[in-house]
Amino acid sequence: MAVLPIRKAPDPILRQKAKRVTSIDRSVKKLIGDMRDTMHAASGAGLAAPQVGVSLRLIVIYVPEKEDIVLINPSIVRKKGERTVTEGCLSVPGYVGEITRSVEVTAKGLDQDGREIRIKAKELTAEALEHEIDHINGVLYIDHLESPDKLRKLEPQRIPSKIKSDDAS
């Protein structure tokens, strides 16, 4: 598999509604593997096909200590509760924003073998499902901001320089 370049805003593909996957062929399975590799290499919580330049309704979500979730043609069928979260995105690097997401969601779609599946998720996994399904609908998390002051720039991590041996006396 391969690590693919991640598209960044304002790339127009991020604002398009992605097309339904009509056949789960070898190219779709390769894309799933490449998306998993890309998501893990970027330390992401999830990734949608438009983020790697492919306008298909396909998402992958990282779930710690479990197998990644793969959903083809996903949709949210139920939402429960609301919570305020600080969210970021691989396609909007260097920023995080405070938005409202559901506490719990139920999503449905197809797995990579074409079987219908339903996923009931809470908290971070629910947030990732909403975030990635937004992506395939051409929506970015920044579209959910109540106001511009809810977005903040992340400061680059500063790596302390090593102390010189003659300074340590």
# chains A, B, ... in the order shown; residues from 1 in each chain; ligands from 1
$ select_by_dssp --residues "stretch 28-155 of chain A" --states "alpha helix (DSSP H)" --output "ChimeraX atom specification"
/A:28-41,123-136
$ select_by_dssp --residues "chain A" --states "strand (DSSP E or B)" --output "PyMOL selection string"
chain A and resi 19+46-48+56+58-61+69-80+83-87+95-101+104-110+116-122+151-153
$ closest_atom_pairs --of "stretch 16-82 of chain A" --to "stretch 118-141 of chain A" --cutoff "7 Å" --atoms "only C-alpha atoms" --output "JSON lines"
{"residue": "A:Gln16", "atom": "CA", "partner": "A:Gly138", "partner_atom": "CA", "distance": 4.6}
{"residue": "A:Lys17", "atom": "CA", "partner": "A:Asn137", "partner_atom": "CA", "distance": 4.4}
{"residue": "A:Ala18", "atom": "CA", "partner": "A:Ile136", "partner_atom": "CA", "distance": 5.1}
{"residue": "A:Ala45", "atom": "CA", "partner": "A:Ala128", "partner_atom": "CA", "distance": 6.6}
{"residue": "A:Gly46", "atom": "CA", "partner": "A:Ala128", "partner_atom": "CA", "distance": 6.2}
{"residue": "A:Leu47", "atom": "CA", "partner": "A:Glu132", "partner_atom": "CA", "distance": 6.3}
{"residue": "A:Ala48", "atom": "CA", "partner": "A:Glu132", "partner_atom": "CA", "distance": 5.6}
{"residue": "A:Pro50", "atom": "CA", "partner": "A:Ile136", "partner_atom": "CA", "distance": 6.6}
{"residue": "A:Arg57", "atom": "CA", "partner": "A:Ile136", "partner_atom": "CA", "distance": 5.6}
{"residue": "A:Ile59", "atom": "CA", "partner": "A:Glu132", "partner_atom": "CA", "distance": 6.3}
{"residue": "A:Ile61", "atom": "CA", "partner": "A:Ala128", "partner_atom": "CA", "distance": 6.8}
{"residue": "A:Pro74", "atom": "CA", "partner": "A:Ile133", "partner_atom": "CA", "distance": 6.9}
{"residue": "A:Ser75", "atom": "CA", "partner": "A:Ile133", "partner_atom": "CA", "distance": 6.8}
$ atom_distance --atom1 "atom CA of A:Leu151" --atom2 "atom CA of A:Met39"
23.1 Å
$ atom_distance --atom1 "atom CA of A:Val52" --atom2 "atom CA of A:Thr38"
8.6 Å
$ closest_residue --among "A:Arg115, A:Arg152, A:Arg101, A:Lys108" --to "A:Thr84" --atoms "only C-alpha atoms"
A:Arg101
$ closest_residue --among "A:Thr100, A:Val63, A:Glu87, A:Gln51" --to "A:Arg15" --atoms "only C-alpha atoms"
A:Gln51
